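Working notes, beginning with the structure itself.
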Amino acid sequence: MPMDPAAAAPTRQALVAHLTSTRIAGDVATSRENNLDHFRALAEGNRYYWFGLELGDRWDDQAAVLELMAERCGVVADPGHRHGQDTIDPELTIDALDRMADVLHKAAENGSRVLVATGHPAGLFAVHWELAAALREAGCTLITPSERLYADGGEIRHLASVSMVHRAGGLVHTHSPDPMREILDALERDGEPLPDLVIADHGWAGYAGERGIETVGFADCNDPALFVGEAEGSLLVTVPLDDNVPPQHYAPLTAYLLATADLTAADQAARN
């Protein structure tokens, strides 16, 4: 498929400035009211907000969820802040990108079987397909779903080795863990090994982590489940960011991640 030219990897300082100016981090579009509503829903046991993780009653205190999100995502820590602006700390975003880069580097070294998926085809797909392409070039096997798999009211399809849900003529936004469940169950039915690594978001990432697969993911400040999953060890890394800005804005972030993981075109050429 046609691809835009790869962006040059920014310095950490330049990436902080870019994340803030594009509102991938910093003062983000998601409101404080929306964040608190989702934190409460997770604490009250609404499984829609658990993203396929099994949290039991371990996170039934909304104050504990807020404290975790302030620590790992950078939302405003003050519980008295109930309305208006909320935030993602760009330094925490980059710290998580550094941790994710370590995982990607090891996957490339090991020639791992990798499954890449997104519930944000109009946003984070721009990140996922570049990661999939770089890992394939490094010798990893990219897993794609069998044909005629269905979940979440649609068909599971893949584009550039990134799995997504297709419904009513288009690729759709979804939080559901069901598509990941269907892919993993189909692999087992076919006698195929499960992935060594999953790179995903939303319920795609949560359910993979719950199944015990090494998983890294991206999550917005109103999606606390994956941060809870990282805190409990179900996910290796959760990167905090606004998960649905115009896709071209993610290019410097992706370039930084690939460079830190030694997965740029120059790194690939040096290995060959």
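In the structure tokens, chains take letters A, B, ... by order of appearance, with residues numbered from 1 within each chain and ligands from 1 in the order shown.
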Residues of stretch 106-149 of chain A at most 10 Å from stretch 244-261 of chain A: nearest atom pair and distance in Å, only C-alpha atoms, as a tab-separated table:
residue	atom	partner	partner_atom	distance
A:Lys106	CA	A:Ala261	CA	8.6
A:Ala107	CA	A:Ala261	CA	9.9
A:Ala108	CA	A:Ala261	CA	8.9
A:His120	CA	A:Asn244	CA	7.0
A:Pro121	CA	A:Asn244	CA	9.1
A:Ala122	CA	A:Pro247	CA	6.9
A:Gly123	CA	A:Asn244	CA	4.7
A:Leu124	CA	A:Pro247	CA	6.7
A:Phe125	CA	A:Pro247	CA	7.7
A:Ala126	CA	A:Pro247	CA	5.7
A:Val127	CA	A:Thr254	CA	5.9
A:His128	CA	A:Thr254	CA	8.8
A:Glu130	CA	A:Thr254	CA	7.5
A:Leu131	CA	A:Leu258	CA	7.4
A:Ala134	CA	A:Leu258	CA	7.8
A:Leu135	CA	A:Leu258	CA	9.6
Filtering to C-alpha atoms, could you give me those residues as a compact mmCIF listing (two decimals), in the first residue's frame?
# COMPACT_ATOMS: atom_id res chain seq x y z
CA LYS A 106 13.71 -7.85 21.80
CA ALA A 107 10.93 -9.08 19.51
CA ALA A 108 13.05 -8.20 16.49
CA HIS A 120 -8.86 3.14 16.03
CA PRO A 121 -8.61 2.69 12.24
CA ALA A 122 -8.88 6.45 11.63
CA GLY A 123 -6.17 7.35 14.12
CA LEU A 124 -3.75 4.82 15.58
CA PHE A 125 -3.65 2.67 12.46
CA ALA A 126 -1.01 5.14 11.27
CA VAL A 127 1.24 3.97 14.13
CA HIS A 128 0.41 0.28 13.97
CA GLU A 130 4.58 1.25 10.58
CA LEU A 131 5.40 -0.93 13.56
CA ALA A 134 9.38 -2.55 10.62
CA LEU A 135 9.05 -5.78 12.60
Worksheet entry | Spatial neighbours of A:Arg167, 8 Å, only C-alpha atoms, chain gap at least 3 places, as a list in words |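 Everything that qualifies: Gly153, Gly154, Glu155, Gly170, Leu171 and Val172 of chain A.
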Those residues with all heavy atoms, as a CSV table (one decimal), in the first residue's frame please?
chain,number,residue,atom,x,y,z
A,153,GLY,N,-20.2,-7.6,15.8
A,153,GLY,CA,-21.1,-7.2,14.8
A,153,GLY,C,-20.5,-7.0,13.4
A,153,GLY,O,-21.1,-6.4,12.5
A,154,GLY,N,-19.3,-7.4,13.2
A,154,GLY,CA,-18.6,-7.2,11.9
A,154,GLY,C,-17.6,-8.3,11.6
A,154,GLY,O,-17.5,-9.3,12.3
A,155,GLU,N,-16.9,-8.2,10.5
A,155,GLU,CA,-15.9,-9.1,10.1
A,155,GLU,C,-14.5,-8.6,10.5
A,155,GLU,O,-14.2,-7.4,10.4
A,155,GLU,CB,-16.0,-9.3,8.6
A,155,GLU,CG,-15.0,-10.3,8.0
A,155,GLU,CD,-15.0,-10.4,6.5
A,155,GLU,OE1,-15.7,-9.6,5.9
A,155,GLU,OE2,-14.4,-11.4,6.0
A,170,GLY,N,-17.2,-0.2,6.2
A,170,GLY,CA,-16.1,0.5,6.6
A,170,GLY,C,-15.4,-0.1,7.8
A,170,GLY,O,-16.0,-0.9,8.6
A,171,LEU,N,-14.2,0.3,8.1
A,171,LEU,CA,-13.4,-0.1,9.3
A,171,LEU,C,-13.9,0.8,10.4
A,171,LEU,O,-14.1,2.0,10.3
A,171,LEU,CB,-11.9,0.1,9.1
A,171,LEU,CG,-11.4,-0.8,7.9
A,171,LEU,CD1,-9.9,-0.4,7.6
A,171,LEU,CD2,-11.4,-2.3,8.3
A,172,VAL,N,-14.1,0.1,11.6
A,172,VAL,CA,-14.9,0.8,12.7
A,172,VAL,C,-14.0,0.9,13.9
A,172,VAL,O,-13.2,0.1,14.2
A,172,VAL,CB,-16.2,0.1,13.0
A,172,VAL,CG1,-17.1,0.2,11.8
A,172,VAL,CG2,-16.0,-1.3,13.4
Worksheet item: Between A:Ile199, A:Ala151, A:Ala63, A:Ala77, which has the minimum distance to A:Asp89 (counting only C-alpha atoms)?
Response: A:Ala77
Worksheet item: Counting only C-alpha atoms, what is within 9 Å of A:Gly229, bar same-chain residues fewer than 6 positions away, as a list in words?
Response: Leu53, Leu55, Gly206, Gly209, Glu210, Leu235, Leu236, Val237 and Thr238 of chain A
Could those residues be written to a file, using N, CA and C atoms, as a short mmCIF file (atom, residue, chain, number, x, y, z; two decimals), in the first residue's frame?
data_model
loop_
_atom_site.label_atom_id
_atom_site.label_comp_id
_atom_site.auth_asym_id
_atom_site.auth_seq_id
_atom_site.Cartn_x
_atom_site.Cartn_y
_atom_site.Cartn_z
N LEU A 53 -10.04 -7.35 30.35
CA LEU A 53 -9.32 -7.74 31.57
C LEU A 53 -10.33 -8.20 32.63
N LEU A 55 -10.87 -7.83 36.32
CA LEU A 55 -10.37 -7.00 37.42
C LEU A 55 -10.98 -7.37 38.77
N GLY A 206 -6.33 -5.44 25.89
CA GLY A 206 -6.72 -5.95 27.19
C GLY A 206 -6.94 -7.45 27.20
N GLY A 209 -3.63 -9.41 26.87
CA GLY A 209 -2.93 -9.43 28.14
C GLY A 209 -3.56 -10.37 29.14
N GLU A 210 -4.88 -10.41 29.16
CA GLU A 210 -5.60 -11.31 30.06
C GLU A 210 -5.30 -12.77 29.72
N LEU A 235 -0.25 -6.32 31.20
CA LEU A 235 0.36 -5.71 30.04
C LEU A 235 1.78 -5.29 30.40
N LEU A 236 2.67 -5.38 29.41
CA LEU A 236 4.05 -4.95 29.66
C LEU A 236 4.16 -3.44 29.69
N VAL A 237 3.50 -2.77 28.76
CA VAL A 237 3.60 -1.32 28.62
C VAL A 237 2.27 -0.78 28.14
N THR A 238 1.85 0.35 28.71
CA THR A 238 0.73 1.13 28.18
C THR A 238 1.21 2.55 27.96
#
What are the closest atom pairs, with distances in Å to one decimal, for each residue of stretch 42-156 of chain A lying within 8 Å of stretch 7-24 of chain A, using only C-alpha atoms, rows by chain and rising residue number, as JSON lines?
{"residue": "A:Pro90", "atom": "CA", "partner": "A:Val16", "partner_atom": "CA", "distance": 5.7}
{"residue": "A:Glu91", "atom": "CA", "partner": "A:Val16", "partner_atom": "CA", "distance": 6.9}
{"residue": "A:Ile94", "atom": "CA", "partner": "A:Arg12", "partner_atom": "CA", "distance": 7.5}
Would you save the residues of that selection, restricted to C-alpha atoms, as a PDB file, in the first residue's frame?
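Final output, part.pdb:
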ATOM      1  CA  PRO A  90       4.108  14.100  27.631  1.00  0.00           C
ATOM      2  CA  GLU A  91       7.106  12.985  29.683  1.00  0.00           C
ATOM      3  CA  ILE A  94       7.864   9.265  26.125  1.00  0.00           C
TER       4      ILE A  94
END
